[in-house]
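J.: Got data23.pdb for you, PDB, C-alpha atoms:
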ATOM      1  CA  ARG A 442       0.000   0.000   0.000
ATOM      2  CA  ALA A 443       2.880   2.317   0.713
ATOM      3  CA  GLN A 444       4.234   1.669  -2.767
ATOM      4  CA  GLU A 445       0.783   2.325  -4.197
ATOM      5  CA  ARG A 446       0.586   5.637  -2.371
ATOM      6  CA  VAL A 447       4.053   6.578  -3.604
ATOM      7  CA  PHE A 448       3.123   5.617  -7.162
ATOM      8  CA  ALA A 449      -0.190   7.523  -6.966
ATOM      9  CA  SER A 450       1.609  10.590  -5.632
ATOM     10  CA  TRP A 451       4.188  10.272  -8.388
ATOM     11  CA  LYS A 452       1.431   9.890 -11.000
ATOM     12  CA  ASP A 453      -0.387  12.957  -9.735
ATOM     13  CA  SER A 454       2.799  14.969  -9.875
ATOM     14  CA  LEU A 455       3.466  14.186 -13.546
ATOM     15  CA  PRO A 456       3.036  17.133 -15.955
ATOM     16  CA  GLU A 457       0.937  16.928 -19.050
ATOM     17  CA  ARG A 458       3.937  16.121 -21.251
ATOM     18  CA  THR A 459       5.445  13.080 -19.540
ATOM     19  CA  GLU A 460       8.207  12.878 -22.080
ATOM     20  CA  GLU A 461       9.873  15.810 -20.291
ATOM     21  CA  THR A 462      10.144  13.922 -16.939
ATOM     22  CA  MET A 463      11.838  10.696 -15.970
ATOM     23  CA  PRO A 464      10.685   8.223 -13.305
ATOM     24  CA  CYS A 465      13.477   7.458 -10.853
ATOM     25  CA  CYS A 466      13.832   4.665  -8.330
ATOM     26  CA  ILE A 467      15.444   5.375  -4.960
ATOM     27  CA  CYS A 468      16.365   2.867  -2.244
ATOM     28  CA  VAL A 469      16.037   3.927   1.378
ATOM     29  CA  ASP A 470      17.956   2.029   4.048
ATOM     30  CA  SER A 471      16.136   0.665   7.098
ATOM     31  CA  SER A 472      18.112   3.056   9.307
ATOM     32  CA  GLU A 473      17.057   6.078   7.236
ATOM     33  CA  ARG A 474      14.074   8.003   5.984
ATOM     34  CA  ALA A 475      13.922  10.011   2.749
ATOM     35  CA  VAL A 476      12.434  13.513   2.676
ATOM     36  CA  VAL A 477      10.831  13.972  -0.750
ATOM     37  CA  GLN A 478      10.346  17.515  -2.048
ATOM     38  CA  LYS A 479       8.363  18.598  -5.068
ATOM     39  CA  PHE A 480       9.648  21.815  -6.575
ATOM     40  CA  GLY A 481      11.372  22.505  -3.232
ATOM     41  CA  GLN A 482       8.184  21.986  -1.230
ATOM     42  CA  TYR A 483       7.840  19.136   1.232
ATOM     43  CA  ALA A 484       5.787  16.310  -0.295
ATOM     44  CA  TYR A 485       6.124  13.275   1.959
ATOM     45  CA  THR A 486       8.572  11.106   3.869
ATOM     46  CA  ALA A 487       9.588   7.921   2.093
ATOM     47  CA  GLY A 488      10.069   4.830   4.213
ATOM     48  CA  PRO A 489      12.717   2.108   3.857
ATOM     49  CA  GLY A 490      12.774   0.074   0.654
ATOM     50  CA  LEU A 491      12.222   0.904  -3.024
ATOM     51  CA  ASN A 492      10.571   4.235  -3.751
ATOM     52  CA  LEU A 493       9.642   5.994  -7.036
ATOM     53  CA  ILE A 494       9.990   9.711  -7.551
ATOM     54  CA  CYS A 495       9.618  11.864 -10.657
ATOM     55  CA  TRP A 496      12.920  13.470 -11.354
ATOM     56  CA  PRO A 497      13.686  16.376 -11.726
ATOM     57  CA  ILE A 498      10.360  17.531 -10.385
ATOM     58  CA  CYS A 499      10.913  15.667  -7.126
ATOM     59  CA  SER A 500      14.066  15.288  -5.112
ATOM     60  CA  ALA A 501      14.874  13.138  -2.084
ATOM     61  CA  ALA A 502      17.282  13.614   0.833
ATOM     62  CA  ASN A 503      18.115  10.815   3.233
ATOM     63  CA  VAL A 504      17.988  11.385   7.007
ATOM     64  CA  SER A 505      19.510   8.899   9.452
ATOM     65  CA  ILE A 506      17.388   7.807  12.401
ATOM     66  CA  LYS A 507      20.238   5.989  14.172
ATOM     67  CA  VAL A 508      21.050   6.850  17.760
ATOM     68  CA  ARG A 509      23.967   9.264  17.927
ATOM     69  CA  GLN A 510      26.013  10.526  20.850
ATOM     70  CA  ILE A 511      27.738  13.787  21.593
ATOM     71  CA  ASP A 512      29.948  14.632  24.592
ATOM     72  CA  VAL A 513      29.374  18.067  26.072
ATOM     73  CA  ARG A 514      32.092  19.496  28.352
ATOM     74  CA  THR A 515      30.954  22.244  30.691
ATOM     75  CA  GLU A 516      32.941  24.240  33.247
ATOM     76  CA  THR A 517      31.026  25.672  36.175
ATOM     77  CA  LYS A 518      31.232  26.320  39.932
ATOM     78  CA  THR A 519      29.515  24.671  42.866
ATOM     79  CA  LYS A 520      27.829  26.377  45.793
ATOM     80  CA  ASP A 521      31.059  26.273  47.840
ATOM     81  CA  ASN A 522      32.919  28.010  44.974
ATOM     82  CA  VAL A 523      34.762  24.953  43.579
ATOM     83  CA  THR A 524      35.353  24.845  39.839
ATOM     84  CA  LEU A 525      34.132  21.640  38.165
ATOM     85  CA  ARG A 526      34.593  20.345  34.639
ATOM     86  CA  VAL A 527      31.564  18.203  33.816
ATOM     87  CA  THR A 528      31.378  15.853  30.827
ATOM     88  CA  THR A 529      27.845  14.916  29.763
ATOM     89  CA  ALA A 530      27.051  12.268  27.129
ATOM     90  CA  ILE A 531      23.793  12.862  25.225
ATOM     91  CA  GLN A 532      22.340  10.037  23.140
ATOM     92  CA  PHE A 533      19.699  11.212  20.692
ATOM     93  CA  SER A 534      17.930  10.152  17.507
ATOM     94  CA  VAL A 535      15.457  11.522  14.955
ATOM     95  CA  ASN A 536      11.819  10.593  15.470
ATOM     96  CA  PRO A 537      10.818   8.584  12.343
ATOM     97  CA  ASP A 538       7.390  10.222  12.333
ATOM     98  CA  GLU A 539       8.776  13.765  12.492
ATOM     99  CA  VAL A 540      11.690  13.630  10.081
ATOM    100  CA  ASP A 541      10.352  16.679   8.216
ATOM    101  CA  LYS A 542      10.570  18.849  11.349
ATOM    102  CA  TYR A 543      14.169  17.826  11.890
ATOM    103  CA  PHE A 544      15.092  18.330   8.230
ATOM    104  CA  PHE A 545      13.497  21.730   7.700
ATOM    105  CA  LYS A 546      13.708  23.385  11.130
ATOM    106  CA  LEU A 547      17.062  22.295  12.611
ATOM    107  CA  HIS A 548      20.356  23.458  11.153
ATOM    108  CA  ASP A 549      23.030  22.310  13.636
ATOM    109  CA  PRO A 550      21.491  19.804  16.089
ATOM    110  CA  GLU A 551      24.706  18.997  17.979
ATOM    111  CA  ARG A 552      25.472  22.617  18.688
ATOM    112  CA  GLN A 553      21.949  23.364  19.842
ATOM    113  CA  ILE A 554      21.865  20.287  22.099
ATOM    114  CA  SER A 555      25.227  21.318  23.585
ATOM    115  CA  ALA A 556      23.870  24.780  24.365
ATOM    116  CA  HIS A 557      20.853  23.369  26.196
ATOM    117  CA  VAL A 558      23.039  20.895  28.137
ATOM    118  CA  GLU A 559      25.423  23.625  29.267
ATOM    119  CA  ASP A 560      22.502  25.763  30.365
ATOM    120  CA  SER A 561      21.034  22.893  32.421
ATOM    121  CA  VAL A 562      24.381  22.045  34.067
ATOM    122  CA  ARG A 563      25.101  25.677  34.961
ATOM    123  CA  SER A 564      21.617  25.984  36.454
ATOM    124  CA  PHE A 565      21.839  22.799  38.539
ATOM    125  CA  LEU A 566      25.372  22.584  39.964
ATOM    126  CA  PRO A 567      25.637  26.074  41.561
ATOM    127  CA  THR A 568      22.896  25.040  44.008
ATOM    128  CA  LEU A 569      24.950  22.121  45.427
ATOM    129  CA  ASN A 570      28.132  21.706  47.442
ATOM    130  CA  LEU A 571      30.987  19.672  45.993
ATOM    131  CA  ASP A 572      30.260  16.480  47.948
ATOM    132  CA  HIS A 573      26.534  16.744  47.276
ATOM    133  CA  ALA A 574      27.251  17.297  43.566
ATOM    134  CA  PHE A 575      29.062  13.970  43.311
ATOM    135  CA  GLU A 576      26.200  12.255  45.136
ATOM    136  CA  SER A 577      23.570  13.828  42.830
ATOM    137  CA  LYS A 578      24.947  12.772  39.441
ATOM    138  CA  GLU A 579      21.901  10.659  38.615
ATOM    139  CA  ILE A 580      19.502  13.422  39.625
ATOM    140  CA  MET A 581      21.416  15.903  37.496
ATOM    141  CA  ALA A 582      21.426  13.511  34.514
ATOM    142  CA  ASN A 583      17.637  13.121  34.730
ATOM    143  CA  ASP A 584      17.205  16.882  34.994
ATOM    144  CA  ILE A 585      19.372  17.411  31.906
ATOM    145  CA  LYS A 586      17.449  14.799  29.950
ATOM    146  CA  ASP A 587      14.070  16.307  30.829
ATOM    147  CA  SER A 588      15.213  19.821  29.992
ATOM    148  CA  VAL A 589      16.864  18.955  26.671
ATOM    149  CA  SER A 590      14.009  16.641  25.632
ATOM    150  CA  LYS A 591      11.491  19.414  26.178
ATOM    151  CA  SER A 592      13.609  21.859  24.150
ATOM    152  CA  MET A 593      14.261  19.475  21.232
ATOM    153  CA  LEU A 594      10.742  18.053  20.992
ATOM    154  CA  PRO A 595       9.509  20.666  18.449
ATOM    155  CA  TYR A 596      12.399  19.724  16.134
ATOM    156  CA  GLY A 597      11.619  16.028  15.884
ATOM    157  CA  LEU A 598      14.535  14.884  18.108
ATOM    158  CA  THR A 599      14.233  12.269  20.825
ATOM    159  CA  ILE A 600      16.697  12.347  23.730
ATOM    160  CA  ASN A 601      17.229   8.683  24.569
ATOM    161  CA  LYS A 602      19.702   9.043  27.431
ATOM    162  CA  ALA A 603      21.697  11.664  29.316
ATOM    163  CA  LEU A 604      24.744  10.485  31.262
ATOM    164  CA  VAL A 605      27.090  12.476  33.499
ATOM    165  CA  VAL A 606      30.242  10.523  32.702
ATOM    166  CA  ASP A 607      32.835  12.683  34.466
ATOM    167  CA  MET A 608      33.074  15.396  37.109
ATOM    168  CA  GLN A 609      36.611  16.682  37.476
ATOM    169  CA  PRO A 610      37.433  19.377  40.063
ATOM    170  CA  ASP A 611      40.486  21.597  39.924
ATOM    171  CA  ALA A 612      43.849  19.863  40.559
ATOM    172  CA  SER A 613      44.479  21.739  43.824
ATOM    173  CA  VAL A 614      40.989  20.868  45.111
ATOM    174  CA  LEU A 615      41.480  17.233  44.125
ATOM    175  CA  ALA A 616      44.812  17.112  45.988
ATOM    176  CA  ALA A 617      43.187  18.644  49.077
ATOM    177  CA  MET A 618      40.349  16.091  48.926
ATOM    178  CA  ASN A 619      42.881  13.259  48.717
ATOM    179  CA  GLN A 620      44.752  14.645  51.733
ATOM    180  CA  ILE A 621      41.520  14.867  53.718
ATOM    181  CA  ASN A 622      40.641  11.275  52.844
ATOM    182  CA  ALA A 623      44.162  10.097  53.700
ATOM    183  CA  ALA A 624      44.060  11.879  57.069
ATOM    184  CA  ARG A 625      40.662  10.400  57.875
ATOM    185  CA  ARG A 626      41.821   6.901  56.984
ATOM    186  CA  ASN A 627      45.004   7.332  59.045
ATOM    187  CA  ARG A 628      42.909   8.429  62.006
ATOM    188  CA  GLU A 629      40.654   5.413  61.619
ATOM    189  CA  ALA A 630      43.705   3.136  61.362
ATOM    190  CA  ALA A 631      45.195   4.664  64.537
ATOM    191  CA  MET A 632      41.905   4.165  66.374
ATOM    192  CA  GLU A 633      41.728   0.544  65.268
ATOM    193  CA  LYS A 634      45.339  -0.031  66.326
ATOM    194  CA  ALA A 635      44.723   1.538  69.738
ATOM    195  CA  GLU A 636      41.601  -0.576  70.169
ATOM    196  CA  ALA A 637      43.570  -3.711  69.313
ATOM    197  CA  GLU A 638      46.310  -2.797  71.823
ATOM    198  CA  LYS A 639      43.652  -2.138  74.453
ATOM    199  CA  ILE A 640      42.131  -5.554  73.878
ATOM    200  CA  MET A 641      45.576  -7.178  74.091
ATOM    201  CA  CYS A 642      46.337  -5.376  77.378
ATOM    202  CA  VAL A 643      42.983  -6.355  78.838
ATOM    203  CA  ARG A 644      43.400  -9.969  77.771
ATOM    204  CA  SER A 645      46.951 -10.050  79.159
ATOM    205  CA  ALA A 646      45.800  -8.627  82.494
ATOM    206  CA  GLU A 647      42.954 -11.120  82.673
ATOM    207  CA  ALA A 648      45.362 -13.957  81.891
ATOM    208  CA  ASP A 649      47.837 -12.742  84.550
ATOM    209  CA  ALA A 650      45.055 -12.438  87.134
ATOM    210  CA  GLU A 651      43.799 -15.918  86.293
ATOM    211  CA  ALA A 652      47.338 -17.312  86.536
ATOM    212  CA  LYS A 653      47.879 -15.688  89.940
ATOM    213  CA  HIS A 654      44.527 -16.946  91.138
ATOM    214  CA  LEU A 655      45.344 -20.492  90.077
ATOM    215  CA  SER A 656      48.801 -20.190  91.640
ATOM    216  CA  GLY A 657      47.248 -19.073  94.913
ATOM    217  CA  VAL A 658      44.781 -21.940  94.805
ATOM    218  CA  GLY A 659      47.644 -24.363  94.164
ATOM    219  CA  THR A 660      49.706 -22.927  97.024
ATOM    220  CA  ALA A 661      46.739 -23.137  99.416
ATOM    221  CA  ARG A 662      46.128 -26.768  98.444
ATOM    222  CA  MET A 663      49.828 -27.567  98.871
ATOM    223  CA  ARG A 664      49.869 -26.050 102.346
ATOM    224  CA  GLN A 665      46.687 -27.854 103.246
ATOM    225  CA  ALA A 666      48.190 -31.164 102.104
ATOM    226  CA  ILE A 667      51.358 -30.496 104.148
ATOM    227  CA  THR A 668      49.258 -29.646 107.187
ATOM    228  CA  GLU A 669      47.212 -32.818 106.852
ATOM    229  CA  GLY A 670      50.398 -34.854 106.409
ATOM    230  CA  PHE A 671      51.956 -33.395 109.548
ATOM    231  CA  LYS A 672      48.727 -33.922 111.404
ATOM    232  CA  GLY A 673      48.649 -37.585 110.442
ATOM    233  CA  SER A 674      52.308 -38.049 111.406
ATOM    234  CA  ILE A 675      51.829 -36.386 114.797
ATOM    235  CA  GLU A 676      48.807 -38.522 115.597
ATOM    236  CA  ALA A 677      50.616 -41.699 114.524
ATOM    237  CA  MET A 678      53.718 -40.949 116.652
ATOM    238  CA  ARG A 679      51.619 -39.949 119.614
ATOM    239  CA  GLU A 680      49.714 -43.203 119.496
ATOM    240  CA  SER A 681      52.817 -45.346 118.928
ATOM    241  CA  CYS A 682      55.410 -43.567 121.134
ATOM    242  CA  GLY A 683      53.287 -41.597 123.582
ATOM    243  CA  LEU A 684      54.937 -38.266 122.618
ATOM    244  CA  GLU A 685      53.214 -34.946 122.918
ATOM    245  CA  PRO A 686      52.443 -33.090 119.646
ATOM    246  CA  ARG A 687      54.936 -30.352 120.499
ATOM    247  CA  GLU A 688      57.706 -32.894 120.954
ATOM    248  CA  VAL A 689      56.788 -34.694 117.740
ATOM    249  CA  VAL A 690      56.899 -31.438 115.739
ATOM    250  CA  HIS A 691      60.238 -30.518 117.303
ATOM    251  CA  MET A 692      61.714 -33.858 116.360
ATOM    252  CA  MET A 693      60.359 -33.712 112.781
ATOM    253  CA  LEU A 694      61.686 -30.207 112.232
ATOM    254  CA  VAL A 695      65.122 -31.146 113.508
ATOM    255  CA  THR A 696      65.160 -34.187 111.230
ATOM    256  CA  GLN A 697      64.117 -32.157 108.163
ATOM    257  CA  TYR A 698      66.600 -29.437 108.989
ATOM    258  CA  LEU A 699      69.446 -31.949 109.127
ATOM    259  CA  ASP A 700      68.264 -33.605 105.907
ATOM    260  CA  VAL A 701      68.337 -30.279 104.075
ATOM    261  CA  LEU A 702      71.853 -29.511 105.297
ATOM    262  CA  LYS A 703      72.957 -32.973 104.225
ATOM    263  CA  GLU A 704      71.522 -32.496 100.688
ATOM    264  CA  PHE A 705      73.275 -29.146 100.275
ATOM    265  CA  ALA A 706      76.540 -30.649 101.430
ATOM    266  CA  GLN A 707      76.280 -33.598  99.040
ATOM    267  CA  SER A 708      75.258 -31.600  95.973
ATOM    268  CA  GLY A 709      78.482 -29.573  95.804
ATOM    269  CA  ARG A 710      76.816 -27.049  93.465
ATOM    270  CA  ALA A 711      75.235 -24.669  95.910
ATOM    271  CA  THR A 712      76.320 -22.746  98.936
ATOM    272  CA  MET A 713      73.918 -21.647 101.627
ATOM    273  CA  VAL A 714      74.862 -19.559 104.636
ATOM    274  CA  VAL A 715      72.412 -19.993 107.491
ATOM    275  CA  PRO A 716      72.596 -18.747 111.040
ATOM    276  CA  HIS A 717      73.429 -21.679 113.223
ATOM    277  CA  GLY A 718      73.516 -21.871 116.945
ATOM    278  CA  PRO A 719      71.806 -23.521 119.909
ATOM    279  CA  SER A 720      68.561 -21.632 119.161
ATOM    280  CA  ALA A 721      68.569 -22.157 115.365
ATOM    281  CA  VAL A 722      66.297 -25.168 115.448
ATOM    282  CA  GLN A 723      63.860 -23.415 117.779
ATOM    283  CA  ASP A 724      63.720 -20.394 115.462
ATOM    284  CA  ILE A 725      62.993 -22.618 112.453
ATOM    285  CA  GLU A 726      60.396 -24.466 114.458
ATOM    286  CA  GLY A 727      58.639 -21.196 115.329
ATOM    287  CA  GLN A 728      58.650 -20.043 111.716
ATOM    288  CA  VAL A 729      57.211 -23.333 110.449
ATOM    289  CA  ARG A 730      54.601 -23.340 113.198
ATOM    290  CA  ASN A 731      53.483 -19.852 112.238
ATOM    291  CA  GLY A 732      53.278 -20.929 108.585
ATOM    292  CA  PHE A 733      51.074 -23.898 109.474
ATOM    293  CA  MET A 734      48.824 -21.734 111.611
ATOM    294  CA  ALA A 735      48.418 -19.226 108.738
ATOM    295  CA  ALA A 736      47.619 -22.050 106.297
ATOM    296  CA  THR A 737      45.046 -23.493 108.714
ATOM    297  CA  MET A 738      43.334 -20.106 109.118
ATOM    298  CA  GLN A 739      43.219 -19.583 105.349
ATOM    299  CA  ASN A 740      41.756 -23.059 104.874
ATOM    300  CA  ASN A 741      39.063 -22.405 107.480
ATOM    301  CA  MET A 742      38.186 -19.088 105.861
ATOM    302  CA  SER A 743      37.854 -20.683 102.404
TER     303      SER A 743
END
The structure in this file should be written as structure tokens.
T.:
Amino acid sequence: RAQERVFASWKDSLPERTEETMPCCICVDSSERAVVQKFGQYAYTAGPGLNLICWPICSAANVSIKVRQIDVRTETKTKDNVTLRVTTAIQFSVNPDEVDKYFFKLHDPERQISAHVEDSVRSFLPTLNLDHAFESKEIMANDIKDSVSKSMLPYGLTINKALVVDMQPDASVLAAMNQINAARRNREAAMEKAEAEKIMCVRSAEADAEAKHLSGVGTARMRQAITEGFKGSIEAMRESCGLEPREVVHMMLVTQYLDVLKEFAQSGRATMVVPHGPSAVQDIEGQVRNGFMAATMQNNMS
């Protein structure tokens, strides 16, 4: 039917003397549309495929409807007076149903799109701080797309996508931002290191306290065992020999004292200087007795 319409239009456009005109076939690619003009006036838009026009009365110009992209670089300032270089990628195409508007009304589409993009960027960024600007890239891209789409709609252009692909601050500002980030990360690392050292100190103190506690428990049990051993020996000697407990303890201490001196003398590797006299054994006896009494009191308290 499209071919029939084209043929009917071509037939209607023929002059009375057809020998002065020549039918011409044109092929339109699927990615294009052909704007057909009759005596310089817009006639119709030819679709993809084989089309007939009456040359030289009619002429045809192909228009691509592929998606194209332009990169717009804009320099502006943020609210905190930081200069930013923003690169915006605009992807656009010609509306197949409005090819005539694009062909007859628009002279330099890329330049006009760039002007609208720069206007949108310079209207949006000055209202934001630098950090907020980086966080609002998607919002800014949507705002640019809406603004440019509205401006290009009367010219048959469709804005498919607007992307903010780069936001580059001044070199000195970028260096300052890197220093701030490095200082913050160093502070966080120092805090983590201090926290780790604190945990190690606490764990070490807890381990030392636990070790001392267990050592004290072991010492108390050792003293209790010694006390019970002496008690059993005293009771056995009292029952077998009829000695009083005081006499039994005196004899045991003297025996142990002499055994210790004998071991030191036989070892040959150690020297011990001890006070020795008629009252030495009694002094040792008193010290041991006091030790046993302290152990007994601690055992009763526990």
J.: Neighbours of range 473-479 of chain A within 9 Å (all atoms listed in the file; same-chain residues fewer than 4 positions away dropped), as a VMD selection string?
T.: chain A and resid 454 469 483 to 489 494 to 495 497 to 507 537 540 to 541 544
J.: Mind telling me what the PyMOL selection byres ((chain A and resi 600) around 9) catches here, as number ranges by chain?
T.: A: 531-535, 586-587, 589-590, 593-594, 598-599, 601-603
J.: Dump C-alpha atoms for the selected residues as an mmCIF file, in the frame of the given file?
T.:
data_model
loop_
_atom_site.group_PDB
_atom_site.id
_atom_site.type_symbol
_atom_site.label_atom_id
_atom_site.label_comp_id
_atom_site.auth_asym_id
_atom_site.auth_seq_id
_atom_site.Cartn_x
_atom_site.Cartn_y
_atom_site.Cartn_z
ATOM 1 C CA ILE A 531 23.793 12.862 25.225
ATOM 2 C CA GLN A 532 22.340 10.037 23.140
ATOM 3 C CA PHE A 533 19.699 11.212 20.692
ATOM 4 C CA SER A 534 17.930 10.152 17.507
ATOM 5 C CA VAL A 535 15.457 11.522 14.955
ATOM 6 C CA LYS A 586 17.449 14.799 29.950
ATOM 7 C CA ASP A 587 14.070 16.307 30.829
ATOM 8 C CA VAL A 589 16.864 18.955 26.671
ATOM 9 C CA SER A 590 14.009 16.641 25.632
ATOM 10 C CA MET A 593 14.261 19.475 21.232
ATOM 11 C CA LEU A 594 10.742 18.053 20.992
ATOM 12 C CA LEU A 598 14.535 14.884 18.108
ATOM 13 C CA THR A 599 14.233 12.269 20.825
ATOM 14 C CA ASN A 601 17.229 8.683 24.569
ATOM 15 C CA LYS A 602 19.702 9.043 27.431
ATOM 16 C CA ALA A 603 21.697 11.664 29.316
#
J.: So what do you get for CA of Met663 in chain A versus CA of Val701 in chain A, distance-wise?
T.: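 Atom-to-atom, CA of Met663 in chain A and CA of Val701 in chain A are spaced 19.4 Å apart.
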J.: For the structure shown, which residues end up in the PyMOL selection byres ((chain A and resi 516-528) around 12)? Put them as a ChimeraX atom specification, please?
T.: /A:511-515,529-531,555,558-575,578,581-582,603-615,617-618
J.: Work out how far apart CA of His548 in chain A and CA of Gly490 in chain A are and give it in Å to one decimal.
T.: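 These two atoms are separated by 26.7 Å.
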J.: Just how far from CA of Ser592 in chain A is CA of Asp470 in chain A, in Å to one decimal?
T.: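 Here the two named atoms are 28.6 Å from each other.
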J.: With all atoms listed in the file as the atoms that count, which of A:Ala624, A:Leu547, A:Met641, A:Met678 lies nearest to Gly597 in chain A?
T.: A:Leu547
J.: Extending 6 Å beyond the listed atoms of range 560-579 of chain A on each side, what axis-aligned box results? I want centre and edge lengths in Å to one decimal, as JSON.
T.:
{"center_x": 26.0, "center_y": 18.4, "center_z": 39.2, "size_x": 22.0, "size_y": 27.4, "size_z": 29.6}
J.: Working from the structure I just supplied, which lacks atoms in range 694-708 of chain A, can you model N, CA and C atoms there and output them as a PDB file, in the coordinates of the input?
T.:
ATOM      1  N   LEU A 694      60.997 -31.367 112.778  1.00  0.00           N
ATOM      2  CA  LEU A 694      61.686 -30.207 112.232  1.00  0.00           C
ATOM      3  C   LEU A 694      63.196 -30.385 112.284  1.00  0.00           C
ATOM      4  N   VAL A 695      63.679 -30.915 113.392  1.00  0.00           N
ATOM      5  CA  VAL A 695      65.122 -31.146 113.508  1.00  0.00           C
ATOM      6  C   VAL A 695      65.578 -32.131 112.441  1.00  0.00           C
ATOM      7  N   THR A 696      64.784 -33.183 112.235  1.00  0.00           N
ATOM      8  CA  THR A 696      65.160 -34.187 111.230  1.00  0.00           C
ATOM      9  C   THR A 696      65.182 -33.578 109.835  1.00  0.00           C
ATOM     10  N   GLN A 697      64.144 -32.783 109.486  1.00  0.00           N
ATOM     11  CA  GLN A 697      64.117 -32.157 108.163  1.00  0.00           C
ATOM     12  C   GLN A 697      65.235 -31.149 108.000  1.00  0.00           C
ATOM     13  N   TYR A 698      65.526 -30.423 109.046  1.00  0.00           N
ATOM     14  CA  TYR A 698      66.600 -29.437 108.989  1.00  0.00           C
ATOM     15  C   TYR A 698      67.925 -30.119 108.678  1.00  0.00           C
ATOM     16  N   LEU A 699      68.182 -31.230 109.362  1.00  0.00           N
ATOM     17  CA  LEU A 699      69.446 -31.949 109.127  1.00  0.00           C
ATOM     18  C   LEU A 699      69.465 -32.579 107.732  1.00  0.00           C
ATOM     19  N   ASP A 700      68.318 -33.030 107.256  1.00  0.00           N
ATOM     20  CA  ASP A 700      68.264 -33.605 105.907  1.00  0.00           C
ATOM     21  C   ASP A 700      68.586 -32.557 104.845  1.00  0.00           C
ATOM     22  N   VAL A 701      68.063 -31.351 105.026  1.00  0.00           N
ATOM     23  CA  VAL A 701      68.337 -30.279 104.075  1.00  0.00           C
ATOM     24  C   VAL A 701      69.809 -29.922 104.055  1.00  0.00           C
ATOM     25  N   LEU A 702      70.422 -29.807 105.239  1.00  0.00           N
ATOM     26  CA  LEU A 702      71.853 -29.511 105.297  1.00  0.00           C
ATOM     27  C   LEU A 702      72.672 -30.608 104.635  1.00  0.00           C
ATOM     28  N   LYS A 703      72.238 -31.854 104.824  1.00  0.00           N
ATOM     29  CA  LYS A 703      72.957 -32.973 104.225  1.00  0.00           C
ATOM     30  C   LYS A 703      72.874 -32.922 102.689  1.00  0.00           C
ATOM     31  N   GLU A 704      71.677 -32.577 102.153  1.00  0.00           N
ATOM     32  CA  GLU A 704      71.522 -32.496 100.688  1.00  0.00           C
ATOM     33  C   GLU A 704      72.374 -31.385 100.099  1.00  0.00           C
ATOM     34  N   PHE A 705      72.431 -30.233 100.764  1.00  0.00           N
ATOM     35  CA  PHE A 705      73.275 -29.146 100.275  1.00  0.00           C
ATOM     36  C   PHE A 705      74.746 -29.541 100.301  1.00  0.00           C
ATOM     37  N   ALA A 706      75.130 -30.248 101.330  1.00  0.00           N
ATOM     38  CA  ALA A 706      76.540 -30.649 101.430  1.00  0.00           C
ATOM     39  C   ALA A 706      76.906 -31.676 100.369  1.00  0.00           C
ATOM     40  N   GLN A 707      75.997 -32.557 100.019  1.00  0.00           N
ATOM     41  CA  GLN A 707      76.280 -33.598  99.040  1.00  0.00           C
ATOM     42  C   GLN A 707      76.203 -33.096  97.598  1.00  0.00           C
ATOM     43  N   SER A 708      75.406 -32.064  97.357  1.00  0.00           N
ATOM     44  CA  SER A 708      75.258 -31.600  95.973  1.00  0.00           C
ATOM     45  C   SER A 708      76.538 -30.984  95.433  1.00  0.00           C
TER      46      SER A 708
END
